[in-house]
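> Next comes query.txt, compact mmCIF, C-alpha atoms (C1' of nucleotides):
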# COMPACT_ATOMS: atom_id res chain seq x y z
CA MET P 1 -6.27 1.70 1.40
CA PRO P 2 -6.84 1.38 -2.28
CA GLU P 3 -6.08 -1.74 -4.17
CA LEU P 4 -6.94 -2.27 -7.82
CA PRO P 5 -10.69 -2.76 -7.27
CA GLU P 6 -10.85 0.42 -5.20
CA VAL P 7 -8.93 2.35 -7.86
CA GLU P 8 -11.23 1.02 -10.55
CA THR P 9 -14.29 1.88 -8.45
CA THR P 10 -12.91 5.38 -8.00
CA ARG P 11 -12.28 5.69 -11.73
CA ARG P 12 -15.84 4.69 -12.55
CA GLY P 13 -17.17 7.07 -9.93
CA ILE P 14 -15.47 10.18 -11.26
CA ALA P 15 -14.96 9.50 -14.98
CA ALA P 16 -18.29 10.94 -16.09
CA ALA P 17 -17.61 14.23 -14.35
CA LEU P 18 -14.32 14.64 -16.20
CA GLU P 19 -14.69 13.12 -19.64
CA GLY P 20 -15.94 15.51 -22.25
CA ARG P 21 -15.33 18.52 -20.00
CA SER P 22 -12.26 20.66 -19.91
CA ILE P 23 -10.16 21.57 -16.92
CA ARG P 24 -11.01 24.98 -15.52
CA ALA P 25 -8.56 25.01 -12.64
CA VAL P 26 -6.11 22.89 -10.69
CA THR P 27 -5.67 23.98 -7.08
CA ILE P 28 -2.70 22.52 -5.26
CA ARG P 29 -2.42 23.01 -1.50
CA GLU P 30 0.35 20.55 -0.67
CA ARG P 31 2.97 19.50 -3.20
CA ARG P 32 4.87 17.14 -0.88
CA LEU P 33 3.41 13.77 -1.86
CA ARG P 34 5.44 10.60 -2.52
CA TRP P 35 7.16 12.73 -5.13
CA PRO P 36 6.66 16.48 -5.15
CA ILE P 37 3.94 17.58 -7.56
CA PRO P 38 5.95 19.16 -10.38
CA ARG P 39 5.93 22.95 -10.60
CA GLY P 40 3.93 24.01 -13.62
CA LEU P 41 1.78 20.88 -13.81
CA GLU P 42 -1.29 23.08 -13.31
CA LYS P 43 -0.39 25.08 -16.39
CA LYS P 44 -0.19 21.95 -18.54
CA LEU P 45 -3.69 20.89 -17.48
CA VAL P 46 -5.70 24.09 -17.29
CA GLY P 47 -7.84 24.76 -20.34
CA GLN P 48 -7.35 21.26 -21.73
CA PRO P 49 -10.24 19.06 -22.80
CA VAL P 50 -10.27 15.76 -20.91
CA THR P 51 -10.33 12.91 -23.39
CA GLY P 52 -10.45 10.03 -20.91
CA LEU P 53 -9.74 8.64 -17.48
CA ARG P 54 -7.93 5.32 -17.71
CA ARG P 55 -6.47 2.89 -15.20
CA ARG P 56 -3.19 0.98 -15.54
CA ALA P 57 -2.36 -1.17 -12.51
CA LYS P 58 -3.28 1.14 -9.62
CA TYR P 59 -2.40 4.28 -11.55
CA LEU P 60 -5.09 6.56 -12.96
CA LEU P 61 -4.30 8.35 -16.20
CA LEU P 62 -6.04 11.64 -16.73
CA ASP P 63 -5.82 12.06 -20.50
CA THR P 64 -6.06 15.52 -22.02
CA ALA P 65 -5.47 16.93 -25.46
CA ASN P 66 -2.08 18.12 -24.21
CA GLY P 67 -0.89 14.89 -22.57
CA SER P 68 -1.63 12.80 -19.49
CA ALA P 69 -1.31 13.23 -15.76
CA ILE P 70 -0.67 10.22 -13.53
CA ILE P 71 -2.52 9.96 -10.24
CA HIS P 72 -1.76 7.32 -7.63
CA LEU P 73 -3.70 6.95 -4.38
CA GLY P 74 -0.88 5.36 -2.39
CA MET P 75 -1.98 3.74 0.88
CA SER P 76 -4.48 6.27 2.11
CA GLY P 77 -5.52 8.40 -0.85
CA SER P 78 -8.98 9.03 -2.23
CA LEU P 79 -10.53 11.03 -5.06
CA ARG P 80 -14.10 12.13 -4.84
CA ILE P 81 -16.47 14.71 -6.20
CA VAL P 82 -17.26 17.32 -3.62
CA PRO P 83 -20.10 19.82 -3.66
CA GLU P 84 -19.27 23.31 -4.86
CA ASN P 85 -18.26 25.57 -1.95
CA GLU P 86 -17.29 22.69 0.32
CA ALA P 87 -14.30 23.96 2.23
CA PRO P 88 -11.13 21.89 1.92
CA GLU P 89 -10.20 19.92 5.02
CA LYS P 90 -7.04 18.50 6.41
CA HIS P 91 -5.08 16.42 3.85
CA ASP P 92 -7.10 17.71 0.88
CA HIS P 93 -3.96 18.20 -1.19
CA PHE P 94 -5.35 19.16 -4.59
CA ASP P 95 -8.56 19.83 -6.55
CA ILE P 96 -9.30 19.49 -10.24
CA VAL P 97 -12.16 21.77 -11.25
CA THR P 98 -14.00 21.07 -14.49
CA SER P 99 -15.68 23.44 -16.92
CA ASP P 100 -18.98 22.35 -15.35
CA ALA P 101 -17.66 23.54 -11.98
CA GLU P 102 -17.45 20.01 -10.58
CA ILE P 103 -14.64 19.58 -8.08
CA VAL P 104 -12.61 16.37 -7.98
CA ARG P 105 -10.75 16.45 -4.67
CA PHE P 106 -7.73 14.39 -3.64
CA ASN P 107 -7.29 13.58 0.05
CA ASP P 108 -4.34 11.56 1.36
CA PRO P 109 -3.34 11.57 5.05
CA ARG P 110 -0.16 9.57 4.59
CA ARG P 111 0.95 11.38 1.42
CA PHE P 112 2.10 8.19 -0.29
CA GLY P 113 0.04 9.12 -3.32
CA SER P 114 1.24 11.09 -6.32
CA LEU P 115 0.32 13.50 -9.09
CA LEU P 116 2.78 13.58 -11.98
CA TRP P 117 2.95 14.68 -15.57
CA ALA P 118 3.53 11.95 -18.18
CA GLY P 119 3.24 13.83 -21.48
CA LYS P 120 1.85 12.45 -24.70
CA ARG P 121 3.06 8.87 -24.35
CA PRO P 122 2.22 8.07 -20.74
CA MET P 123 2.93 4.35 -21.07
CA GLU P 124 6.57 5.23 -21.63
CA HIS P 125 6.77 6.94 -18.25
CA PRO P 126 9.23 5.08 -15.97
CA LEU P 127 6.47 4.24 -13.49
CA LEU P 128 4.40 2.54 -16.17
CA SER P 129 6.86 1.18 -18.68
CA GLN P 130 8.03 -1.75 -16.54
CA LEU P 131 4.60 -2.99 -15.50
CA GLY P 132 3.54 -6.56 -16.18
CA PRO P 133 0.19 -7.49 -17.75
CA GLU P 134 -3.10 -6.27 -16.34
CA PRO P 135 -4.53 -9.06 -14.18
CA LEU P 136 -7.96 -8.63 -15.80
CA GLY P 137 -6.53 -8.32 -19.31
CA PRO P 138 -6.05 -11.01 -21.97
CA ASP P 139 -2.25 -11.31 -21.51
CA PHE P 140 -2.49 -12.51 -17.93
CA THR P 141 -2.90 -16.27 -18.05
CA GLY P 142 -1.85 -19.27 -15.99
CA ASP P 143 0.54 -20.25 -18.76
CA TYR P 144 2.23 -16.86 -18.57
CA LEU P 145 2.41 -17.03 -14.78
CA TRP P 146 3.93 -20.49 -14.83
CA GLN P 147 6.38 -19.69 -17.60
CA SER P 148 7.61 -16.47 -15.99
CA SER P 149 8.05 -18.09 -12.57
CA GLN P 150 10.49 -20.79 -13.65
CA GLY P 151 13.64 -20.65 -11.53
CA ARG P 152 12.23 -18.01 -9.18
CA LYS P 153 12.78 -18.69 -5.50
CA VAL P 154 10.75 -15.87 -3.98
CA THR P 155 7.59 -16.92 -2.22
CA ILE P 156 4.54 -17.03 -4.43
CA LYS P 157 2.82 -14.33 -2.42
CA GLN P 158 5.63 -11.88 -2.97
CA TYR P 159 5.87 -12.99 -6.57
CA ILE P 160 2.29 -12.11 -7.45
CA MET P 161 2.69 -8.79 -5.65
CA ASN P 162 5.62 -7.88 -7.91
CA SER P 163 4.27 -5.32 -10.39
CA LYS P 164 6.67 -6.48 -13.09
CA VAL P 165 5.04 -9.92 -12.96
CA VAL P 166 1.44 -8.77 -12.83
CA ALA P 167 0.30 -5.20 -12.32
CA GLY P 168 -1.76 -4.17 -9.35
CA VAL P 169 -2.24 -7.23 -7.12
CA GLY P 170 -2.12 -5.80 -3.60
CA ASN P 171 -1.84 -7.25 -0.14
CA ILE P 172 -5.47 -8.12 0.53
CA TYR P 173 -6.17 -9.77 -2.80
CA ALA P 174 -2.87 -11.66 -2.86
CA SER P 175 -3.90 -13.54 0.29
CA GLU P 176 -7.42 -14.04 -1.03
CA ALA P 177 -6.30 -15.33 -4.44
CA LEU P 178 -3.88 -17.83 -2.86
CA PHE P 179 -6.67 -19.12 -0.65
CA ARG P 180 -8.98 -19.51 -3.65
CA ALA P 181 -6.25 -21.48 -5.42
CA GLY P 182 -5.31 -23.59 -2.37
CA ILE P 183 -1.66 -22.52 -2.59
CA HIS P 184 0.50 -21.89 0.48
CA PRO P 185 1.82 -18.30 0.47
CA MET P 186 5.35 -19.38 1.45
CA ARG P 187 5.81 -21.79 -1.46
CA ALA P 188 8.60 -20.87 -3.88
CA ALA P 189 7.13 -19.37 -7.05
CA GLY P 190 9.16 -21.65 -9.30
CA ARG P 191 7.93 -24.80 -7.55
CA ILE P 192 4.27 -24.66 -8.47
CA ALA P 193 3.01 -26.97 -11.20
CA LEU P 194 1.21 -25.60 -14.23
CA PRO P 195 -2.31 -26.81 -13.30
CA ARG P 196 -2.07 -25.04 -9.96
CA MET P 197 -0.80 -21.86 -11.64
CA LEU P 198 -3.91 -21.95 -13.82
CA LEU P 199 -5.98 -22.00 -10.63
CA LEU P 200 -3.96 -19.11 -9.22
CA ALA P 201 -4.38 -16.94 -12.30
CA GLU P 202 -8.10 -17.66 -12.14
CA GLY P 203 -8.11 -16.88 -8.41
CA ILE P 204 -6.49 -13.50 -9.00
CA ARG P 205 -8.83 -12.69 -11.86
CA SER P 206 -11.98 -13.76 -10.00
CA VAL P 207 -11.19 -12.10 -6.68
CA LEU P 208 -10.44 -8.78 -8.37
CA SER P 209 -13.50 -8.83 -10.57
CA ASP P 210 -15.75 -9.93 -7.70
CA ALA P 211 -14.42 -7.04 -5.61
CA ILE P 212 -15.02 -4.54 -8.42
CA LYS P 213 -18.61 -5.75 -8.67
CA GLN P 214 -19.02 -5.05 -4.97
CA GLY P 215 -17.55 -1.56 -5.24
CA GLY P 216 -14.24 -2.50 -3.62
CA THR P 217 -13.36 -3.42 -0.06
CA THR P 218 -13.98 -0.98 2.75
CA LEU P 219 -11.68 -1.77 5.67
CA ARG P 220 -11.54 1.50 7.48
CA ASP P 221 -13.09 4.49 5.82
CA TYR P 222 -12.64 3.92 2.10
CA ARG P 223 -15.21 5.54 -0.15
CA GLY P 224 -15.51 5.25 -3.90
CA GLY P 225 -15.59 8.29 -6.17
CA ASP P 226 -19.36 8.41 -5.66
CA GLY P 227 -18.96 8.43 -1.89
CA LYS P 228 -20.28 4.92 -1.35
CA PRO P 229 -18.36 2.39 0.73
CA GLY P 230 -17.26 -0.93 -0.79
CA TYR P 231 -19.07 -4.09 0.18
CA PHE P 232 -16.44 -6.73 -0.54
CA LYS P 233 -15.20 -7.00 3.03
CA GLN P 234 -17.98 -9.44 3.83
CA GLN P 235 -16.50 -11.75 1.21
CA LEU P 236 -12.89 -11.76 2.40
CA LEU P 237 -12.22 -15.39 3.26
CA VAL P 238 -8.86 -15.08 5.02
CA TYR P 239 -7.64 -11.48 5.06
CA ASP P 240 -7.78 -9.94 8.55
CA ARG P 241 -9.29 -13.16 9.91
CA GLY P 242 -6.32 -14.36 11.98
CA ASP P 243 -7.30 -17.00 14.61
CA GLN P 244 -10.83 -17.19 13.23
CA PRO P 245 -12.12 -20.47 11.76
CA CYS P 246 -11.42 -21.20 8.10
CA ILE P 247 -14.58 -20.90 6.00
CA LYS P 248 -13.89 -24.27 4.39
CA CYS P 249 -12.41 -26.47 7.13
CA SER P 250 -12.86 -24.53 10.42
CA LYS P 251 -9.16 -24.68 11.30
CA ALA P 252 -7.83 -21.37 12.66
CA VAL P 253 -6.61 -18.94 9.97
CA LYS P 254 -2.93 -18.08 10.37
CA ARG P 255 -1.26 -14.70 10.17
CA ILE P 256 2.40 -14.43 9.16
CA VAL P 257 4.59 -11.60 7.91
CA GLN P 258 6.26 -11.69 4.51
CA GLY P 259 8.35 -8.75 3.34
CA GLN P 260 6.96 -6.66 6.20
CA ARG P 261 3.39 -7.29 5.04
CA ALA P 262 0.75 -9.39 6.79
CA THR P 263 -0.30 -12.60 5.05
CA TYR P 264 -3.32 -14.70 6.04
CA TYR P 265 -3.86 -18.33 5.05
CA CYS P 266 -5.24 -21.69 6.10
CA SER P 267 -2.53 -24.27 6.71
CA ASN P 268 -5.04 -27.05 6.14
CA CYS P 269 -6.47 -25.82 2.83
CA GLN P 270 -3.32 -24.32 1.30
CA HIS P 271 -0.23 -26.30 0.29
C1' DA G 272 19.25 -10.70 -12.28
C1' DT G 273 17.40 -11.51 -7.81
C1' DG G 274 16.14 -10.68 -3.22
C1' DC G 275 16.11 -8.12 0.92
C1' DG G 276 15.49 -4.20 4.02
C1' DG G 277 14.64 0.60 4.45
C1' DA G 278 12.45 4.60 3.06
C1' DC G 279 8.57 7.88 2.49
C1' DC G 280 4.11 9.65 6.01
C1' DT G 281 -0.04 10.04 9.40
C1' DG G 282 -3.66 8.02 11.95
C1' DT G 283 -5.81 4.40 14.69
C1' DT G 284 -5.76 0.91 17.96
C1' DA G 285 -3.97 -2.26 21.49
C1' DG G 286 -1.51 -2.77 25.57
C1' DC G 287 0.47 -1.21 29.80
C1' DT M 288 -6.75 8.84 31.10
C1' DG M 289 -2.37 8.97 29.02
C1' DC M 290 1.70 7.31 26.98
C1' DT M 291 4.05 4.10 23.71
C1' DA M 292 4.43 0.71 20.30
C1' DA M 293 2.66 -1.74 16.63
C1' DC M 294 0.24 -1.71 12.59
C1' DA M 295 -2.14 -0.11 8.21
C1' DG M 296 -4.86 -1.11 1.70
C1' DG M 297 1.85 0.87 -1.88
C1' DT M 298 5.97 0.56 -4.20
C1' DC M 299 10.47 2.61 -5.20
C1' DC M 300 15.36 2.49 -4.33
C1' DG M 301 19.90 1.04 -3.03
C1' DC M 302 22.74 -2.51 -1.58
C1' DA M 303 24.51 -7.36 -1.17
Will you turn the file into structure tokens for me?


Amino acid sequence: MPELPEVETTRRGIAAALEGRSIRAVTIRERRLRWPIPRGLEKKLVGQPVTGLRRRAKYLLLDTANGSAIIHLGMSGSLRIVPENEAPEKHDHFDIVTSDAEIVRFNDPRRFGSLLWAGKRPMEHPLLSQLGPEPLGPDFTGDYLWQSSQGRKVTIKQYIMNSKVVAGVGNIYASEALFRAGIHPMRAAGRIALPRMLLLAEGIRSVLSDAIKQGGTTLRDYRGGDGKPGYFKQQLLVYDRGDQPCIKCSKAVKRIVQGQRATYYCSNCQH
DNA sequence: ATGCGGACCTGTTAGC
DNA sequence: TGCTAACAGGTCCGCA
């Protein structure tokens, strides 16, 4: 479900409820997520003032005076503020209750998400320490992308989805960015000329920021932290449009599988 | 170092 | 209607 724009939308939706409050309680109903929620994590959080809610790639960092917790939404996770007294439902695996009695509730049917403790230097946590630049940050440029891809034979689609190369480009936006740049998803990463890599970096940057502006993409039942759906789906040019006419040239959009993930592209517009 | 396939899960939908 | 198979927005890990 959540890609970077959805995670960012979630962050913006719940940050105000957390920042400047302290944590009154952490209620865990199911510890078996992607990794088990560590025993004693509640104790590290309860009573702590929340100093911020940050995002790095698709990870959310809940910063407290005592250290940071890492939250990942996996494929099907969501975080939202629920009314007081709303009974937990199926797959509501944990709640964070603030000193203002606001409840931030995590739901994740597939349990690919996670809740971990990262201590005082969260960026040194193994999940975060190997990440490449933020796609919307200043270090992610076409020059960097071109430089780092030299000699790489993986397909460009798989390359931009590698979190060591650039952090947080997921399956939907990888297809969309390649379409924006006119680059064929099967092309070897190391065989793309610099000017086209500049277009690709810009494609990644623009598709992600456009999606954030729209509140993310709602494919099935995604909701942001404020409960609103995302409106970016209307602007997906190739993703999930197999056999439908290309927006630019009307040729049928193709669907292929790369690394067990669906890829959509136009064979006429992308080379 | 790189690249590939499998693993972790449940829910929805398409096809017979 | 009911059963089965395929598919889904992520990403780590182990092996060649």

> Which residues, written as a PyMOL selection string, have at least one atom at most 12 Å from Arg196 (chain P), with all atoms listed in the file counted and residues fewer than 6 positions away on the same chain left out?

chain P and resi 141-143+145-146+156+177-184+189-190+202-203+270-271

> Show which residues sit within 10 Å of region 277-281 of chain G, as a compact mmCIF listing (two decimals) with C-alpha atoms (C1' of nucleotides), in the coordinates of the input. Count all atoms listed in the file, and ignore same-chain residues fewer than 2 positions away.


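Printed below is selection.txt as written:
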# COMPACT_ATOMS: atom_id res chain seq x y z
CA LEU P 33 3.41 13.77 -1.86
CA ARG P 34 5.44 10.60 -2.52
CA TRP P 35 7.16 12.73 -5.13
CA MET P 75 -1.98 3.74 0.88
CA SER P 76 -4.48 6.27 2.11
CA HIS P 91 -5.08 16.42 3.85
CA ASP P 108 -4.34 11.56 1.36
CA PRO P 109 -3.34 11.57 5.05
CA ARG P 110 -0.16 9.57 4.59
CA ARG P 111 0.95 11.38 1.42
CA PHE P 112 2.10 8.19 -0.29
C1' DC G 275 16.11 -8.12 0.92
C1' DT G 283 -5.81 4.40 14.69
C1' DC M 299 10.47 2.61 -5.20
C1' DC M 300 15.36 2.49 -4.33
C1' DG M 301 19.90 1.04 -3.03

> Set out as CSV a contact list for chain M and chain P with a cut-off of 12 Å, giving each residue of chain M that qualifies its closest atom pair and distance in Å to one decimal, counting only C-alpha atoms (C1' of nucleotides), ordered by chain and rising residue number.


residue,atom,partner,partner_atom,distance
M:DC294,C1',P:Ala262,CA,9.6
M:DA295,C1',P:Met1,CA,8.2
M:DG296,C1',P:Met1,CA,3.2
M:DG297,C1',P:Gly74,CA,5.3
M:DT298,C1',P:Gly74,CA,8.6
M:DC299,C1',P:Leu127,CA,9.3

> I want to know what sits within 9 Å of DT273 (chain G), based on all atoms listed in the file, with residues of the same chain fewer than 5 positions away left out; could you give that as a list in words?

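Counting all atoms listed in the file, the residues come to Arg152, Lys153 and Val154 of chain P.
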
> Once you count all atoms listed in the file, which residues end up no further than 12 Å from (8.4, 13.2, -10.3) in the file's frame, shown as a list in words?

Arg31, Arg32, Leu33, Arg34, Trp35, Pro36, Ile37, Pro38, Arg39, Leu41, Ala69, Ile70, Ile71, Gly113, Ser114, Leu115, Leu116, Trp117, Ala118, His125, Pro126 and Leu127 of chain P; DC299 of chain M

> Neighbouring residues of DG276 (chain G) were defined as those with any atom within 12 Å, considering all atoms listed in the file; residues of the same chain fewer than 3 positions away were excluded. Please report them as a PyMOL selection string.

(chain P and resi 258-260) or (chain M and resi 300-303)

> Hey, what's within 6 Å of Pro133 (chain P) if we count all atoms listed in the file and toss same-chain stuff fewer than 2 positions away? As a PyMOL selection string, please?

chain P and resi 139-140+166-167
